[in-house]
file entry.txt (compact mmCIF, C-alpha atoms (C1' of nucleotides))
# COMPACT_ATOMS: atom_id res chain seq x y z
CA MET A 13 79.64 120.71 96.23
CA SER A 14 77.86 119.24 99.22
CA HIS A 15 80.30 117.68 101.64
CA THR A 16 77.84 115.56 103.56
CA LEU A 17 76.64 112.08 102.79
CA ASP A 18 72.92 111.58 102.60
CA ASN A 19 71.06 108.38 103.21
CA ILE A 20 71.36 107.17 99.62
CA ASP A 21 75.12 107.77 99.61
CA THR A 22 75.65 105.68 102.74
CA GLN A 23 73.48 102.93 101.29
CA LEU A 24 75.64 102.97 98.17
CA LEU A 25 78.86 102.83 100.17
CA THR A 26 77.51 99.97 102.27
CA ILE A 27 76.57 98.03 99.15
CA LEU A 28 79.91 98.65 97.41
CA GLN A 29 81.88 97.65 100.51
CA LYS A 30 80.26 94.23 100.32
CA ASN A 31 80.49 93.76 96.58
CA SER A 32 81.92 96.27 94.16
CA ASN A 33 81.07 94.16 91.11
CA ARG A 34 77.34 94.83 91.31
CA THR A 35 75.99 96.47 88.17
CA THR A 36 74.53 99.94 88.50
CA LYS A 37 71.30 98.47 87.21
CA SER A 38 71.02 95.95 90.02
CA ILE A 39 71.85 98.59 92.64
CA ALA A 40 69.33 100.95 91.08
CA GLU A 41 66.65 98.27 91.29
CA GLU A 42 67.46 97.56 94.93
CA LEU A 43 67.16 101.22 95.84
CA GLY A 44 64.15 101.88 93.64
CA MET A 45 65.87 104.38 91.39
CA SER A 46 67.06 104.53 87.79
CA THR A 47 70.61 103.85 86.72
CA SER A 48 71.87 107.33 86.00
CA PRO A 49 71.58 108.90 89.47
CA ILE A 50 73.23 105.79 90.91
CA PHE A 51 76.00 106.04 88.36
CA GLU A 52 76.53 109.73 88.99
CA ARG A 53 76.52 109.39 92.77
CA ILE A 54 79.12 106.63 92.63
CA LYS A 55 81.33 108.74 90.34
CA LYS A 56 80.98 111.61 92.79
CA LEU A 57 81.88 109.43 95.77
CA GLU A 58 84.98 108.31 93.87
CA LYS A 59 85.94 111.82 92.79
CA GLU A 60 85.52 113.32 96.26
CA GLY A 61 87.61 110.54 97.78
CA TYR A 62 85.05 108.71 99.88
CA ILE A 63 85.83 105.66 97.78
CA GLU A 64 89.58 105.16 97.61
CA LYS A 65 89.84 102.19 95.30
CA TYR A 66 88.35 98.89 94.23
CA VAL A 67 90.26 95.72 95.03
CA ALA A 68 90.07 91.95 94.88
CA VAL A 69 90.09 90.22 98.25
CA LEU A 70 92.05 86.97 98.14
CA ASN A 71 91.68 83.84 100.24
CA ASN A 72 94.98 83.87 102.15
CA LYS A 73 94.74 80.31 103.35
CA LYS A 74 93.93 78.89 99.95
CA ILE A 75 96.92 80.71 98.51
CA GLY A 76 99.18 79.27 101.17
CA LEU A 77 99.56 82.14 103.64
CA LYS A 78 98.04 80.44 106.63
CA LEU A 79 99.36 82.44 109.54
CA THR A 80 98.51 85.88 110.91
CA VAL A 81 100.72 87.33 113.62
CA PHE A 82 100.64 90.57 115.56
CA ILE A 83 103.91 91.92 116.93
CA GLY A 84 104.19 94.62 119.59
CA ILE A 85 107.51 96.43 119.59
CA THR A 86 109.22 98.93 121.87
CA LEU A 87 112.27 100.85 120.75
CA GLN A 88 115.22 101.84 122.93
CA GLY A 89 116.50 105.02 121.33
CA HIS A 90 113.72 107.34 120.20
CA THR A 91 115.55 109.84 118.03
CA ARG A 92 113.26 111.20 115.37
CA SER A 93 115.51 110.29 112.46
CA TYR A 94 115.78 106.74 113.69
CA LEU A 95 112.03 106.31 114.04
CA GLU A 96 111.59 107.31 110.42
CA LYS A 97 114.25 104.88 109.28
CA PHE A 98 112.74 102.09 111.37
CA VAL A 99 109.27 102.65 109.91
CA LYS A 100 110.63 102.75 106.38
CA GLU A 101 112.39 99.41 106.81
CA ILE A 102 109.37 97.80 108.42
CA ASN A 103 107.01 99.01 105.70
CA ASN A 104 109.25 97.51 103.04
CA PHE A 105 108.88 93.99 104.37
CA PRO A 106 106.19 92.36 102.23
CA GLU A 107 105.03 90.14 105.10
CA VAL A 108 103.98 93.26 107.01
CA VAL A 109 100.46 94.26 106.06
CA GLU A 110 99.97 96.84 108.82
CA CYS A 111 102.23 99.08 110.85
CA HIS A 112 100.75 101.37 113.49
CA ARG A 113 102.50 103.74 115.87
CA VAL A 114 100.59 103.23 119.09
CA SER A 115 100.21 104.58 122.59
CA GLY A 116 100.14 102.07 125.44
CA ASN A 117 102.58 99.33 126.29
CA PHE A 118 104.28 99.40 122.90
CA ASP A 119 105.63 101.89 120.41
CA TYR A 120 104.59 99.97 117.30
CA LEU A 121 102.10 97.28 116.46
CA LEU A 122 102.61 95.20 113.32
CA LYS A 123 100.32 92.78 111.58
CA LEU A 124 101.91 90.08 109.46
CA VAL A 125 100.57 87.51 107.02
CA VAL A 126 102.99 84.63 106.42
CA GLU A 127 103.06 81.04 105.24
CA ASP A 128 103.55 79.30 108.57
CA ILE A 129 105.41 79.34 111.88
CA GLU A 130 108.67 78.72 110.08
CA ALA A 131 108.24 81.75 107.87
CA TYR A 132 107.32 83.78 110.93
CA GLU A 133 110.50 82.69 112.72
CA THR A 134 112.56 83.52 109.65
CA PHE A 135 111.06 87.01 109.65
CA ILE A 136 111.91 87.54 113.33
CA ILE A 137 115.45 86.19 113.08
CA SER A 138 116.62 87.39 109.71
CA LYS A 139 114.69 90.63 109.37
CA LEU A 140 113.22 92.11 112.54
CA THR A 141 115.99 91.49 115.05
CA LEU A 142 118.57 92.87 112.64
CA LEU A 143 117.11 96.36 113.14
CA PRO A 144 119.04 98.39 115.74
CA TYR A 145 117.60 99.94 118.91
CA LEU A 146 115.02 97.21 119.13
CA GLY A 147 113.67 96.85 122.68
CA ASN A 148 110.92 94.53 123.79
CA VAL A 149 109.22 92.37 121.13
CA GLN A 150 106.03 90.52 121.90
CA SER A 151 104.19 88.29 119.46
CA LEU A 152 100.54 87.34 119.40
CA ILE A 153 99.90 84.45 117.06
CA ALA A 154 96.37 84.22 115.67
CA LEU A 155 95.03 80.75 116.47
CA SER A 156 91.76 81.53 114.75
CA THR A 157 89.99 84.55 113.36
CA SER A 158 86.26 84.97 113.87
CA LYS A 159 85.96 88.35 112.19
CA GLU A 160 88.17 90.14 109.68
CA THR A 161 86.37 92.62 107.49
CA ASN A 162 87.11 95.67 105.42
CA GLU A 163 83.56 96.92 105.87
CA ILE A 164 83.38 99.93 108.09
CA ASP A 165 80.15 100.68 109.86
CA LEU A 166 78.53 103.76 108.37
CA SER A 167 75.68 103.90 110.86
CA GLN A 168 78.22 105.36 113.28
CA VAL A 169 78.49 108.53 111.22
CA LEU A 170 74.89 109.12 110.19
CA MET B 20 91.95 70.80 87.11
CA SER B 21 95.39 72.06 88.09
CA HIS B 22 95.47 73.28 91.66
CA THR B 23 98.63 75.32 91.47
CA LEU B 24 99.09 78.91 90.51
CA ASP B 25 101.48 79.60 87.69
CA ASN B 26 103.36 82.82 87.13
CA ILE B 27 100.58 84.41 85.09
CA ASP B 28 98.02 83.64 87.80
CA THR B 29 100.07 85.32 90.50
CA GLN B 30 100.61 88.33 88.27
CA LEU B 31 96.85 88.55 87.78
CA LEU B 32 96.18 88.30 91.51
CA THR B 33 98.78 90.95 92.21
CA ILE B 34 97.20 93.30 89.68
CA LEU B 35 93.65 92.71 90.93
CA GLN B 36 94.66 93.23 94.55
CA LYS B 37 95.77 96.74 93.62
CA ASN B 38 92.87 97.64 91.36
CA SER B 39 90.00 95.35 90.51
CA ASN B 40 88.43 97.84 88.10
CA ARG B 41 91.05 97.32 85.40
CA THR B 42 89.56 96.12 82.12
CA THR B 43 90.61 92.71 80.88
CA LYS B 44 91.92 94.47 77.81
CA SER B 45 94.29 96.69 79.77
CA ILE B 46 95.54 93.74 81.82
CA ALA B 47 95.99 91.70 78.65
CA GLU B 48 98.08 94.48 77.12
CA GLU B 49 100.23 94.74 80.24
CA LEU B 50 100.93 91.01 80.22
CA GLY B 51 101.32 90.76 76.44
CA MET B 52 98.37 88.43 75.93
CA SER B 53 94.93 88.61 74.39
CA THR B 54 91.76 89.25 76.36
CA SER B 55 90.17 85.82 76.40
CA PRO B 56 92.82 83.85 78.30
CA ILE B 57 92.98 86.69 80.83
CA PHE B 58 89.23 86.64 81.18
CA GLU B 59 89.09 82.90 81.57
CA ARG B 60 91.91 82.78 84.08
CA ILE B 61 90.22 85.40 86.24
CA LYS B 62 86.93 83.48 86.12
CA LYS B 63 88.81 80.35 87.17
CA LEU B 64 90.54 82.11 90.05
CA GLU B 65 87.13 83.29 91.22
CA LYS B 66 85.50 79.90 90.81
CA GLU B 67 88.25 78.02 92.62
CA GLY B 68 88.13 80.48 95.50
CA TYR B 69 91.49 82.18 95.20
CA ILE B 70 89.58 85.42 94.74
CA GLU B 71 86.94 85.73 97.45
CA LYS B 72 85.23 88.94 96.44
CA TYR B 73 85.60 92.42 95.02
CA VAL B 74 85.07 95.37 97.32
CA ALA B 75 85.27 99.13 97.50
CA VAL B 76 87.85 100.46 99.95
CA LEU B 77 86.61 103.59 101.70
CA ASN B 78 88.55 106.48 103.18
CA ASN B 79 87.77 106.03 106.89
CA LYS B 80 88.99 109.44 107.94
CA LYS B 81 87.08 111.30 105.26
CA ILE B 82 83.93 109.49 106.30
CA GLY B 83 84.48 110.47 109.91
CA LEU B 84 85.89 107.32 111.47
CA LYS B 85 89.23 108.73 112.55
CA LEU B 86 90.40 106.34 115.22
CA THR B 87 91.80 102.81 115.09
CA VAL B 88 92.25 100.94 118.36
CA PHE B 89 93.56 97.49 119.19
CA ILE B 90 92.31 95.82 122.36
CA GLY B 91 93.95 92.81 124.01
CA ILE B 92 91.62 90.83 126.24
CA THR B 93 92.02 87.98 128.71
CA LEU B 94 89.04 86.05 130.02
CA GLN B 95 88.65 84.65 133.52
CA GLY B 96 86.45 81.61 133.03
CA HIS B 97 87.36 79.60 129.95
CA THR B 98 84.40 77.30 129.55
CA ARG B 99 83.88 76.40 125.95
CA SER B 100 80.27 77.50 125.78
CA TYR B 101 81.17 80.86 127.22
CA LEU B 102 83.96 81.45 124.72
CA GLU B 103 81.54 80.91 121.87
CA LYS B 104 79.03 83.32 123.37
CA PHE B 105 81.73 85.91 123.96
CA VAL B 106 82.97 85.73 120.36
CA LYS B 107 79.44 85.97 119.02
CA GLU B 108 78.74 89.14 120.99
CA ILE B 109 82.06 90.70 120.02
CA ASN B 110 81.56 89.95 116.33
CA ASN B 111 78.17 91.63 116.40
CA PHE B 112 79.58 94.99 117.42
CA PRO B 113 79.90 97.01 114.21
CA GLU B 114 82.91 98.95 115.54
CA VAL B 115 84.86 95.67 115.67
CA VAL B 116 86.48 94.98 112.32
CA GLU B 117 88.71 92.12 113.47
CA CYS B 118 88.58 89.53 116.22
CA HIS B 119 91.39 87.02 116.61
CA ARG B 120 91.84 84.31 119.20
CA VAL B 121 95.55 84.51 120.00
CA SER B 122 98.31 82.79 121.87
CA GLY B 123 100.60 84.92 123.98
CA ASN B 124 99.74 87.42 126.70
CA PHE B 125 96.08 87.67 125.72
CA ASP B 126 93.21 85.42 124.76
CA TYR B 127 91.71 87.74 122.14
CA LEU B 128 92.90 90.65 120.07
CA LEU B 129 90.34 93.06 118.61
CA LYS B 130 90.72 95.79 116.05
CA LEU B 131 88.21 98.64 116.14
CA VAL B 132 87.45 101.55 113.84
CA VAL B 133 85.52 104.34 115.57
CA GLU B 134 84.79 108.05 115.25
CA ASP B 135 87.01 109.34 118.06
CA ILE B 136 88.20 108.82 121.62
CA GLU B 137 84.73 109.46 122.90
CA ALA B 138 83.21 106.72 120.75
CA TYR B 139 86.00 104.42 121.88
CA GLU B 140 85.24 105.12 125.53
CA THR B 141 81.54 104.53 124.90
CA PHE B 142 82.38 101.16 123.39
CA ILE B 143 84.49 100.15 126.40
CA ILE B 144 82.01 101.32 129.02
CA SER B 145 78.66 100.47 127.50
CA LYS B 146 79.55 97.40 125.46
CA LEU B 147 82.80 95.63 126.30
CA THR B 148 82.81 95.82 130.10
CA LEU B 149 79.23 94.57 130.23
CA LEU B 150 80.40 91.15 129.07
CA PRO B 151 80.92 88.71 131.96
CA TYR B 152 84.15 86.90 132.83
CA LEU B 153 86.20 89.71 131.39
CA GLY B 154 89.73 89.72 132.78
CA ASN B 155 92.52 92.04 131.77
CA VAL B 156 91.81 94.58 129.02
CA GLN B 157 94.63 96.51 127.40
CA SER B 158 94.18 99.09 124.68
CA LEU B 159 96.65 100.24 122.05
CA ILE B 160 95.50 103.42 120.36
CA ALA B 161 96.86 104.00 116.87
CA LEU B 162 98.54 107.40 116.84
CA SER B 163 99.44 107.02 113.19
CA THR B 164 99.44 104.28 110.59
CA SER B 165 102.29 104.01 108.13
CA LYS B 166 101.06 100.87 106.39
CA GLU B 167 97.63 99.28 106.15
CA THR B 168 97.08 97.18 103.07
CA ASN B 169 94.91 94.35 101.90
CA GLU B 170 97.54 93.26 99.42
CA ILE B 171 99.17 90.02 100.40
CA ASP B 172 102.59 89.23 99.09
CA LEU B 173 102.41 86.43 96.55
CA SER B 174 106.16 86.16 96.09
CA GLN B 175 106.16 84.27 99.38
CA VAL B 176 104.29 81.36 97.87
CA LEU B 177 105.92 81.06 94.47
C1' DT C 29 53.38 131.56 93.99
C1' DA C 30 57.28 132.14 90.94
C1' DT C 31 62.08 131.17 90.22
C1' DT C 32 66.18 128.65 90.52
C1' DA C 33 68.94 124.76 91.47
C1' DA C 34 69.44 119.99 92.17
C1' DA C 35 68.21 115.39 91.33
C1' DA C 36 66.18 111.76 88.71
C1' DA C 37 64.26 109.64 84.53
C1' DG C 38 64.73 107.63 80.17
C1' DG C 39 66.81 106.87 75.95
C1' DA C 40 71.01 106.64 72.71
C1' DT C 41 75.69 105.33 72.07
C1' DA C 42 80.23 103.56 73.04
C1' DT C 43 82.79 100.42 75.54
C1' DT C 44 83.59 96.18 77.59
C1' DA C 45 82.63 91.57 78.97
C1' DT C 46 81.59 87.21 77.46
C1' DT C 47 81.17 83.35 74.41
C1' DC C 48 82.51 80.50 70.66
C1' DT C 49 85.50 78.49 67.21
C1' DT C 50 90.00 77.93 65.49
C1' DT C 51 94.93 77.61 66.09
C1' DA C 52 99.09 76.90 68.64
C1' DT C 53 101.66 74.98 72.36
C1' DT C 54 102.79 71.80 75.73
C1' DT C 55 102.86 67.21 77.80
C1' DA C 56 102.79 62.32 77.85
C1' DA C 57 103.07 57.94 75.69
C1' DA C 58 104.33 54.83 72.09
C1' DT D 17 111.55 60.97 67.88
C1' DT D 18 106.83 61.02 66.54
C1' DT D 19 102.12 61.03 67.52
C1' DA D 20 98.13 61.86 70.28
C1' DA D 21 95.78 64.30 73.74
C1' DA D 22 95.08 68.05 76.61
C1' DT D 23 95.70 72.73 77.71
C1' DA D 24 96.13 77.44 76.66
C1' DA D 25 95.77 81.30 73.60
C1' DA D 26 94.06 83.89 69.54
C1' DG D 27 90.59 86.35 67.21
C1' DA D 28 86.07 87.46 65.91
C1' DA D 29 81.04 87.96 66.97
C1' DT D 30 77.53 89.07 70.25
C1' DA D 31 75.39 90.45 74.50
C1' DA D 32 75.53 93.24 78.36
C1' DT D 33 76.75 97.26 80.65
C1' DA D 34 78.59 101.76 81.42
C1' DT D 35 78.42 106.28 80.11
C1' DC D 36 76.55 110.45 78.33
C1' DC D 37 72.95 113.65 77.05
C1' DT D 38 68.39 115.76 77.17
C1' DT D 39 64.05 116.22 79.37
C1' DT D 40 61.25 116.13 83.38
C1' DT D 41 60.40 116.31 88.14
C1' DT D 42 61.21 117.68 92.72
C1' DA D 43 62.78 120.70 96.29
C1' DA D 44 64.28 125.04 98.10
C1' DT D 45 64.15 130.07 98.35
C1' DA D 46 62.66 134.61 97.57
call {"tool": "encode", "arguments": {"input": "entry.txt", "output": "structure tokens"}}
result
Amino acid sequence: MSHTLDNIDTQLLTILQKNSNRTTKSIAEELGMSTSPIFERIKKLEKEGYIEKYVAVLNNKKIGLKLTVFIGITLQGHTRSYLEKFVKEINNFPEVVECHRVSGNFDYLLKLVVEDIEAYETFIISKLTLLPYLGNVQSLIALSTSKETNEIDLSQVL
Amino acid sequence: MSHTLDNIDTQLLTILQKNSNRTTKSIAEELGMSTSPIFERIKKLEKEGYIEKYVAVLNNKKIGLKLTVFIGITLQGHTRSYLEKFVKEINNFPEVVECHRVSGNFDYLLKLVVEDIEAYETFIISKLTLLPYLGNVQSLIALSTSKETNEIDLSQVL
DNA sequence: TATTAAAAAGGATATTATTCTTTATTTAAA
DNA sequence: TTTAAATAAAGAATAATATCCTTTTTAATA
């Protein structure tokens, strides 16, 4: 039960972060090994939780969700029970893809993916501003995105 | 060559966003269809670009990358050629997982995934502040994250 | 150097993906 | 309506791959 990743493990994770549909055979060839150790290492990485899941990444724009917006929020009353309720409501909105409690000039930072400016405005007016104790709200609208990846850099942890 | 998604397509995309390792058979059973139309629809969604890729999602914390930070940046000189150079440099940093040009109080918003506060400080001091024309820099450190998903909500586009 | 444990190789089998042909359903036009 | 054409689905056959098991090699430790 070794709890450290060796060089082969990080290579595997790097490969699978880019494309999880590679066959074990093709990965084995790339790394100069046979299929079974590759297969067993991947199963181990899954079992021990290094790999959480495998997912399809969609093309948001093609599907019609063309706008990404970040919203910084401060709250006025900080009672613990209210914070929990606030987070629960926020997380239930399907437009919200990320919700972080942050330190700095805001209490929360949200990331949204919506159809367009109209859908964004609808979210603000008919969902967000209905929540009580809302303080300052500041939006950053993504004009363009030069990098947006799920690949985390494993060289940092070697 | 229909360019619209019907109800079955959006169900498929929703399923594959959650788990792309499902067998076509299991998906077919869930949707009450046989395997071949499911298979062919998925191939079509891939070919037409609705599905960009399939990836493994890793557990950042388990791997040792425990800190997420957002950084808002304003630039002082906005010449076009400089903006391009700036973005190129930023995108090359492996800690940076997102880089958006934004409207609002900043010019750029970055998202970083790093080991810890120390690694974050190293990034700021020995990478970010070395870039010229840097104006205001404001960091939001994620204390906790209640939602962080790659699943986009397809009910918005139906 | 001998002993043990871990990792990899290679082959056998079961499962699944993929392709093809046939049938049904839907849509459009007469 | 009825017919024709196009699209989608069914079902079966095959090819490819994942998965498992046994043997061999390598590495680590006494």
call {"tool": "interface_residues", "arguments": {"input": "entry.txt", "of": "chain B", "to": "chain C", "cutoff": "10 Å", "atoms": "all atoms listed in the file", "output": "list in words"}}
result
Thr42, Thr43, Lys44, Thr54, Ser55, Phe58 and Glu59 of chain B
call {"tool": "atom_distance", "arguments": {"input": "entry.txt", "atom1": "CA of Ile39 in chain A", "atom2": "C1' of DA32 in chain D"}}
result
15.7 Å
call {"tool": "interface_residues", "arguments": {"input": "entry.txt", "of": "chain B", "to": "chain D", "cutoff": "8 Å", "atoms": "only C-alpha atoms (C1' of nucleotides)", "output": "list of chain:residue names"}}
result
B:Met52, B:Ser53, B:Ser55, B:Pro56
call {"tool": "atom_distance", "arguments": {"input": "entry.txt", "atom1": "CA of Lys85 in chain B", "atom2": "CA of Leu128 in chain B"}}
result
19.9 Å
call {"tool": "residues_around", "arguments": {"input": "entry.txt", "residues": "Glu170 in chain B", "least_positions_apart": "2", "cutoff": "12 Å", "atoms": "only C-alpha atoms (C1' of nucleotides)", "output": "list in words"}}
result
Tyr66, Val67, Ala68, Val69, Leu70, Asn71, Asn72, Pro106, Glu107, Val108, Val109, Glu110, Leu124 and Val125 of chain A; Leu32, Thr33, Ile34, Leu35, Gln36, Lys37, Asn38, Ser39, Lys166, Glu167, Thr168, Asp172, Leu173 and Ser174 of chain B
call {"tool": "atom_distance", "arguments": {"input": "entry.txt", "atom1": "CA of Ile164 in chain A", "atom2": "CA of Tyr127 in chain B"}}
result
20.4 Å
call {"tool": "residues_around", "arguments": {"input": "entry.txt", "residues": "Thr80 in chain A", "least_positions_apart": "6", "cutoff": "9 Å", "atoms": "all atoms listed in the file", "output": "PDB file with C-alpha atoms, in the coordinates of the input"}}
result
ATOM      1  CA  LYS A 123     100.320  92.780 111.580  1.00  0.00           C
ATOM      2  CA  LEU A 124     101.910  90.080 109.460  1.00  0.00           C
ATOM      3  CA  VAL A 125     100.570  87.510 107.020  1.00  0.00           C
ATOM      4  CA  VAL A 126     102.990  84.630 106.420  1.00  0.00           C
ATOM      5  CA  GLU A 127     103.060  81.040 105.240  1.00  0.00           C
ATOM      6  CA  ASP A 128     103.550  79.300 108.570  1.00  0.00           C
ATOM      7  CA  LEU A 152     100.540  87.340 119.400  1.00  0.00           C
ATOM      8  CA  ILE A 153      99.900  84.450 117.060  1.00  0.00           C
ATOM      9  CA  ALA A 154      96.370  84.220 115.670  1.00  0.00           C
ATOM     10  CA  LEU A 155      95.030  80.750 116.470  1.00  0.00           C
ATOM     11  CA  SER A 156      91.760  81.530 114.750  1.00  0.00           C
ATOM     12  CA  THR A 157      89.990  84.550 113.360  1.00  0.00           C
TER      13      THR A 157
END
call {"tool": "axis_aligned_box", "arguments": {"input": "entry.txt", "around": "range 37-55 of chain C", "padding_each_side": "5 Å", "output": "lines of an AutoDock Vina configuration file"}}
result
center_x = 83.6
center_y = 88.4
center_z = 75.0
size_x = 48.6
size_y = 52.4
size_z = 29.0
call {"tool": "closest_residue", "arguments": {"input": "entry.txt", "among": "A:Phe135, A:Phe118, A:Phe98, A:Tyr145", "to": "chain B", "atoms": "all atoms listed in the file"}}
result
A:Phe118
call {"tool": "closest_residue", "arguments": {"input": "entry.txt", "among": "A:Ile63, A:Ile20, A:Val149, A:Leu143", "to": "chain B", "atoms": "only C-alpha atoms"}}
result
A:Ile63
